[in-house]
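Peer 1: The following block contains the structure, expressed as structure tokens.
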Amino acid sequence: MVRVKAVIEYDGSGYYGWQLQKGQRTIQGELEQALEVLFKKRIPVTGSGRTDTGVHARGQVAHFDIPEFDLQKLKRALNGLLEEDIVIKKLNVSAPDFHARFDARQRWYRYYISPEPTALSRRYAWTILTPLNLTLMQLGAEMIKPVKDFRSFCKIKSEVKHHRCKILESRWLRWGDLLVYEIAADRFLHGMVRAIVGSLAAIGSGKITLKEFKDIIQSGDRRLVPQAAPARGLVLERVVY
């Protein structure tokens, strides 16, 4: 048996997230089903992390163990079996003890906001027609960097041992007509990025002040977050090992 490292791109619009869920269509489920067709047995797939319902990925990483097999042929076979909204970008033999989740050192996400109606990006960006103050939103993004405990931005009743995360990047960019929030950390909590983006957008639209945002951070109370950004604008861009 060999351990294979896979880089996967997917449009999460039609899926209930990454993780297997009984009776639901998930990315992990589709991958395991395709591998079972090829190898005639269940091949468990482990991802670098769970993406929520409707969230996309350009660089999700996973690992699985299979008998010796030509990886170029396997890549073509998997892409032939999978729907067009899931694509295997790379397959490589990894070290036998490589773990897609536990060995990851950095995870990079981007969130896309369109400040005007868009036909082509409507499934991959949050359209906000209210004018946004990007200067204030950038100040809010800077406030995220020194934070250690993200309890305020974790979904209530999430099963985690602790709420500590080390933020490596938090900033806003302008890409053509889009506003892009880029955040990187050693780990993320359930719903964390969408809660942060929703709060930063609330700052930009004048719904809350920077002082109120600071109070939310320090409160540890997820109920104080003014809104969570919709899933469609969030993309897992890459995972660093």
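Just so we're on the same page: first chain in the structure tokens is A, next is B, and so on; residues restart at 1 for each chain, and ligands are numbered from 1 in the order they show up.
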Per DSSP on the backbone, what are the helix (DSSP H, G or I) residues of segment 23-86 of chain A, as a ChimeraX atom specification?
Peer 2: /A:27-39,71-81
Peer 1: Would you list the contacts of segment 60-62 of chain A as an MDAnalysis selection string, taking every protein, DNA or RNA residue within 7 Å and counting only C-alpha atoms, but skipping same-chain residues closer than 3 positions in sequence?
Peer 2: chainID A and resid 5:9 45:48 57 100 236 238:239
Peer 1: Which residues, written as an mmCIF file with N, CA, C and O atoms, in the first residue's frame, have at least one atom at most 8 Å from segment 174-178 of chain A, with only C-alpha atoms counted and residues fewer than 4 positions away on the same chain left out?
Peer 2:
```
data_model
loop_
_atom_site.group_PDB
_atom_site.id
_atom_site.type_symbol
_atom_site.label_atom_id
_atom_site.label_comp_id
_atom_site.auth_asym_id
_atom_site.auth_seq_id
_atom_site.Cartn_x
_atom_site.Cartn_y
_atom_site.Cartn_z
ATOM 1 N N TYR A 112 -14.562 36.581 -1.087
ATOM 2 C CA TYR A 112 -14.784 37.504 -2.197
ATOM 3 C C TYR A 112 -16.111 38.251 -2.027
ATOM 4 O O TYR A 112 -17.157 37.633 -1.816
ATOM 5 N N ILE A 113 -16.021 39.569 -2.132
ATOM 6 C CA ILE A 113 -17.208 40.428 -2.054
ATOM 7 C C ILE A 113 -17.316 41.257 -3.328
ATOM 8 O O ILE A 113 -16.318 41.846 -3.783
ATOM 9 N N SER A 114 -18.510 41.297 -3.908
ATOM 10 C CA SER A 114 -18.759 42.142 -5.061
ATOM 11 C C SER A 114 -19.599 43.341 -4.626
ATOM 12 O O SER A 114 -20.698 43.169 -4.102
ATOM 13 N N PRO A 115 -19.103 44.565 -4.815
ATOM 14 C CA PRO A 115 -19.854 45.752 -4.399
ATOM 15 C C PRO A 115 -20.906 46.195 -5.406
ATOM 16 O O PRO A 115 -21.523 47.251 -5.237
#
```
Peer 1: Report the distance between atom CA of Gln72 of chain A and atom CA of Arg101 of chain A in Å, rounded to one decimal place.
Peer 2: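 Between atom CA of Gln72 of chain A and atom CA of Arg101 of chain A the gap is 23.9 Å.
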Peer 1: Enumerate, in order of chain and increasing residue number, the residues of segment 16-55 of chain A with an atom no farther than 10 Å from segment 189-206 of chain A, each with its shortest atom pair and distance in Å to one decimal, counting only C-alpha atoms, as a tab-separated table.
Peer 2:
```
residue	atom	partner	partner_atom	distance
A:Gly49	CA	A:Leu189	CA	9.9
A:Arg50	CA	A:His190	CA	8.3
A:Thr51	CA	A:His190	CA	8.6
A:Asp52	CA	A:Gly191	CA	7.6
```
Peer 1: Applying 10 Å and only C-alpha atoms, which residues near Asp65 of chain A remain after dropping the ones on its own chain fewer than 6 positions away? List them as a list in words.
Peer 2: Met1, Val2, Arg3, Val4, Lys5, Ile43, Pro44, Val45, Thr46, Val93, Ser94 and Pro96 of chain A
Peer 1: Could those residues be written to a file, using all heavy atoms, as a PDB file, in the first residue's frame?
Peer 2:
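Final output, again39.pdb:
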```pdb
ATOM      1  N   MET A   1       0.847  -1.200   0.000  1.00  0.00           N
ATOM      2  CA  MET A   1       0.000   0.000   0.000  1.00  0.00           C
ATOM      3  C   MET A   1       0.885   1.254   0.000  1.00  0.00           C
ATOM      4  O   MET A   1       1.950   1.281   0.640  1.00  0.00           O
ATOM      5  CB  MET A   1      -0.907   0.034   1.235  1.00  0.00           C
ATOM      6  CG  MET A   1      -1.855  -1.148   1.333  1.00  0.00           C
ATOM      7  SD  MET A   1      -3.183  -1.094   0.098  1.00  0.00           S
ATOM      8  CE  MET A   1      -4.262   0.141   0.822  1.00  0.00           C
ATOM      9  N   VAL A   2       0.451   2.271  -0.720  1.00  0.00           N
ATOM     10  CA  VAL A   2       1.163   3.549  -0.735  1.00  0.00           C
ATOM     11  C   VAL A   2       0.211   4.647  -0.293  1.00  0.00           C
ATOM     12  O   VAL A   2      -1.004   4.563  -0.508  1.00  0.00           O
ATOM     13  CB  VAL A   2       1.730   3.872  -2.135  1.00  0.00           C
ATOM     14  CG1 VAL A   2       2.778   2.859  -2.534  1.00  0.00           C
ATOM     15  CG2 VAL A   2       0.622   3.948  -3.171  1.00  0.00           C
ATOM     16  N   ARG A   3       0.781   5.666   0.343  1.00  0.00           N
ATOM     17  CA  ARG A   3      -0.036   6.817   0.753  1.00  0.00           C
ATOM     18  C   ARG A   3       0.065   7.883  -0.328  1.00  0.00           C
ATOM     19  O   ARG A   3       1.160   8.251  -0.759  1.00  0.00           O
ATOM     20  CB  ARG A   3       0.427   7.359   2.099  1.00  0.00           C
ATOM     21  CG  ARG A   3      -0.348   8.596   2.567  1.00  0.00           C
ATOM     22  CD  ARG A   3      -0.404   8.713   4.063  1.00  0.00           C
ATOM     23  NE  ARG A   3      -1.187   7.613   4.646  1.00  0.00           N
ATOM     24  CZ  ARG A   3      -1.519   7.547   5.940  1.00  0.00           C
ATOM     25  NH1 ARG A   3      -1.143   8.495   6.768  1.00  0.00           N
ATOM     26  NH2 ARG A   3      -2.218   6.521   6.392  1.00  0.00           N
ATOM     27  N   VAL A   4      -1.095   8.369  -0.750  1.00  0.00           N
ATOM     28  CA  VAL A   4      -1.160   9.347  -1.828  1.00  0.00           C
ATOM     29  C   VAL A   4      -1.644  10.686  -1.279  1.00  0.00           C
ATOM     30  O   VAL A   4      -2.619  10.751  -0.522  1.00  0.00           O
ATOM     31  CB  VAL A   4      -2.111   8.870  -2.953  1.00  0.00           C
ATOM     32  CG1 VAL A   4      -2.254   9.942  -4.022  1.00  0.00           C
ATOM     33  CG2 VAL A   4      -1.589   7.577  -3.564  1.00  0.00           C
ATOM     34  N   LYS A   5      -0.943  11.738  -1.670  1.00  0.00           N
ATOM     35  CA  LYS A   5      -1.353  13.104  -1.336  1.00  0.00           C
ATOM     36  C   LYS A   5      -2.050  13.695  -2.552  1.00  0.00           C
ATOM     37  O   LYS A   5      -1.509  13.674  -3.660  1.00  0.00           O
ATOM     38  CB  LYS A   5      -0.128  13.947  -0.962  1.00  0.00           C
ATOM     39  CG  LYS A   5      -0.433  15.412  -0.716  1.00  0.00           C
ATOM     40  CD  LYS A   5       0.858  16.209  -0.477  1.00  0.00           C
ATOM     41  CE  LYS A   5       0.599  17.688  -0.330  1.00  0.00           C
ATOM     42  NZ  LYS A   5       1.864  18.463  -0.171  1.00  0.00           N
ATOM     43  N   ILE A  43     -12.027   3.071   0.287  1.00  0.00           N
ATOM     44  CA  ILE A  43     -10.748   3.728   0.529  1.00  0.00           C
ATOM     45  C   ILE A  43     -11.035   5.018   1.308  1.00  0.00           C
ATOM     46  O   ILE A  43     -11.532   5.986   0.741  1.00  0.00           O
ATOM     47  CB  ILE A  43     -10.014   4.071  -0.788  1.00  0.00           C
ATOM     48  CG1 ILE A  43      -9.858   2.845  -1.692  1.00  0.00           C
ATOM     49  CG2 ILE A  43      -8.670   4.738  -0.487  1.00  0.00           C
ATOM     50  CD1 ILE A  43      -8.866   1.841  -1.217  1.00  0.00           C
ATOM     51  N   PRO A  44     -10.772   5.054   2.613  1.00  0.00           N
ATOM     52  CA  PRO A  44     -11.031   6.279   3.381  1.00  0.00           C
ATOM     53  C   PRO A  44     -10.158   7.440   2.892  1.00  0.00           C
ATOM     54  O   PRO A  44      -8.981   7.255   2.571  1.00  0.00           O
ATOM     55  CB  PRO A  44     -10.666   5.892   4.812  1.00  0.00           C
ATOM     56  CG  PRO A  44     -10.700   4.389   4.832  1.00  0.00           C
ATOM     57  CD  PRO A  44     -10.277   3.965   3.463  1.00  0.00           C
ATOM     58  N   VAL A  45     -10.752   8.618   2.833  1.00  0.00           N
ATOM     59  CA  VAL A  45     -10.044   9.835   2.416  1.00  0.00           C
ATOM     60  C   VAL A  45     -10.034  10.814   3.584  1.00  0.00           C
ATOM     61  O   VAL A  45     -11.077  11.088   4.174  1.00  0.00           O
ATOM     62  CB  VAL A  45     -10.727  10.488   1.196  1.00  0.00           C
ATOM     63  CG1 VAL A  45     -10.035  11.806   0.840  1.00  0.00           C
ATOM     64  CG2 VAL A  45     -10.718   9.543  -0.001  1.00  0.00           C
ATOM     65  N   THR A  46      -8.858  11.346   3.911  1.00  0.00           N
ATOM     66  CA  THR A  46      -8.716  12.299   5.008  1.00  0.00           C
ATOM     67  C   THR A  46      -8.305  13.648   4.456  1.00  0.00           C
ATOM     68  O   THR A  46      -7.291  13.762   3.755  1.00  0.00           O
ATOM     69  CB  THR A  46      -7.651  11.824   6.021  1.00  0.00           C
ATOM     70  OG1 THR A  46      -8.042  10.561   6.558  1.00  0.00           O
ATOM     71  CG2 THR A  46      -7.491  12.825   7.154  1.00  0.00           C
ATOM     72  N   VAL A  93       2.869  10.460  -4.505  1.00  0.00           N
ATOM     73  CA  VAL A  93       3.145   9.525  -3.417  1.00  0.00           C
ATOM     74  C   VAL A  93       3.785  10.326  -2.289  1.00  0.00           C
ATOM     75  O   VAL A  93       4.720  11.102  -2.505  1.00  0.00           O
ATOM     76  CB  VAL A  93       4.084   8.396  -3.872  1.00  0.00           C
ATOM     77  CG1 VAL A  93       4.494   7.525  -2.689  1.00  0.00           C
ATOM     78  CG2 VAL A  93       3.412   7.559  -4.951  1.00  0.00           C
ATOM     79  N   SER A  94       3.284  10.162  -1.086  1.00  0.00           N
ATOM     80  CA  SER A  94       3.817  10.877   0.071  1.00  0.00           C
ATOM     81  C   SER A  94       4.523   9.902   1.009  1.00  0.00           C
ATOM     82  O   SER A  94       4.525   8.687   0.785  1.00  0.00           O
ATOM     83  CB  SER A  94       2.683  11.583   0.823  1.00  0.00           C
ATOM     84  OG  SER A  94       1.849  10.627   1.456  1.00  0.00           O
ATOM     85  N   PRO A  96       4.852   7.543   4.189  1.00  0.00           N
ATOM     86  CA  PRO A  96       3.811   6.673   4.744  1.00  0.00           C
ATOM     87  C   PRO A  96       3.074   7.278   5.933  1.00  0.00           C
ATOM     88  O   PRO A  96       1.915   6.939   6.181  1.00  0.00           O
ATOM     89  CB  PRO A  96       4.590   5.414   5.163  1.00  0.00           C
ATOM     90  CG  PRO A  96       5.831   5.437   4.348  1.00  0.00           C
ATOM     91  CD  PRO A  96       6.170   6.876   4.159  1.00  0.00           C
TER      92      PRO A  96
END
```
Peer 1: Go through A:Gln33, A:Gln227, A:Thr26, A:Thr127 one by one, measure the shortest atom-to-atom distance of each to His56 of chain A using only C-alpha atoms, and give the residue with the smallest value.
Peer 2: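 Nearest candidate to His56 of chain A out of A:Gln33, A:Gln227, A:Thr26, A:Thr127: A:Thr26.
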Peer 1: Can you tell me how far atom CA of Leu31 of chain A sits from atom CA of Val240 of chain A, in Å to one decimal?
Peer 2: 21.6 Å
Peer 1: When you draw a straight line from atom CA of Tyr109 of chain A to atom CA of Glu237 of chain A, how long is it in Å?
Peer 2: 5.3 Å
Peer 1: Of the residues A:Gln28, A:Gln218, A:Thr130, A:Thr209, which is the one nearest to Val147 of chain A, using only C-alpha atoms?
Peer 2: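 Smallest distance to Val147 of chain A is found for A:Gln218.
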Peer 1: Just want the 8 Å neighbourhood of Leu81 of chain A, counted on only C-alpha atoms, with same-chain residues fewer than 3 positions away dropped. Output as a PDB file with N, CA, C and O atoms, in the first residue's frame.
Peer 2:
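Full text of result01.pdb as output:
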```pdb
ATOM      1  N   ALA A  34     -15.799   7.295  -5.771  1.00  0.00           N
ATOM      2  CA  ALA A  34     -15.027   7.109  -7.007  1.00  0.00           C
ATOM      3  C   ALA A  34     -13.875   6.127  -6.781  1.00  0.00           C
ATOM      4  O   ALA A  34     -13.609   5.258  -7.627  1.00  0.00           O
ATOM      5  N   ALA A  77      -8.591   8.731 -14.275  1.00  0.00           N
ATOM      6  CA  ALA A  77      -9.755   7.896 -13.969  1.00  0.00           C
ATOM      7  C   ALA A  77     -10.673   8.586 -12.961  1.00  0.00           C
ATOM      8  O   ALA A  77     -11.901   8.581 -13.126  1.00  0.00           O
ATOM      9  N   LEU A  78     -10.095   9.173 -11.932  1.00  0.00           N
ATOM     10  CA  LEU A  78     -10.916   9.862 -10.927  1.00  0.00           C
ATOM     11  C   LEU A  78     -11.639  11.059 -11.536  1.00  0.00           C
ATOM     12  O   LEU A  78     -12.832  11.262 -11.291  1.00  0.00           O
TER      13      LEU A  78
END
```
Peer 1: Tell me which of A:Ala185, A:Val225, A:Leu179, A:Val37 sits closest to Leu132 of chain A, counting only C-alpha atoms.
Peer 2: A:Leu179
Peer 1: Give the answer as one residue: which of A:Lys89, A:His63, A:Arg58, A:Arg110 has the shortest atom-to-atom distance to Ala231 of chain A, using only C-alpha atoms?
Peer 2: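 Looking only at the distances to Ala231 of chain A, the closest residue turns out to be A:Arg110.
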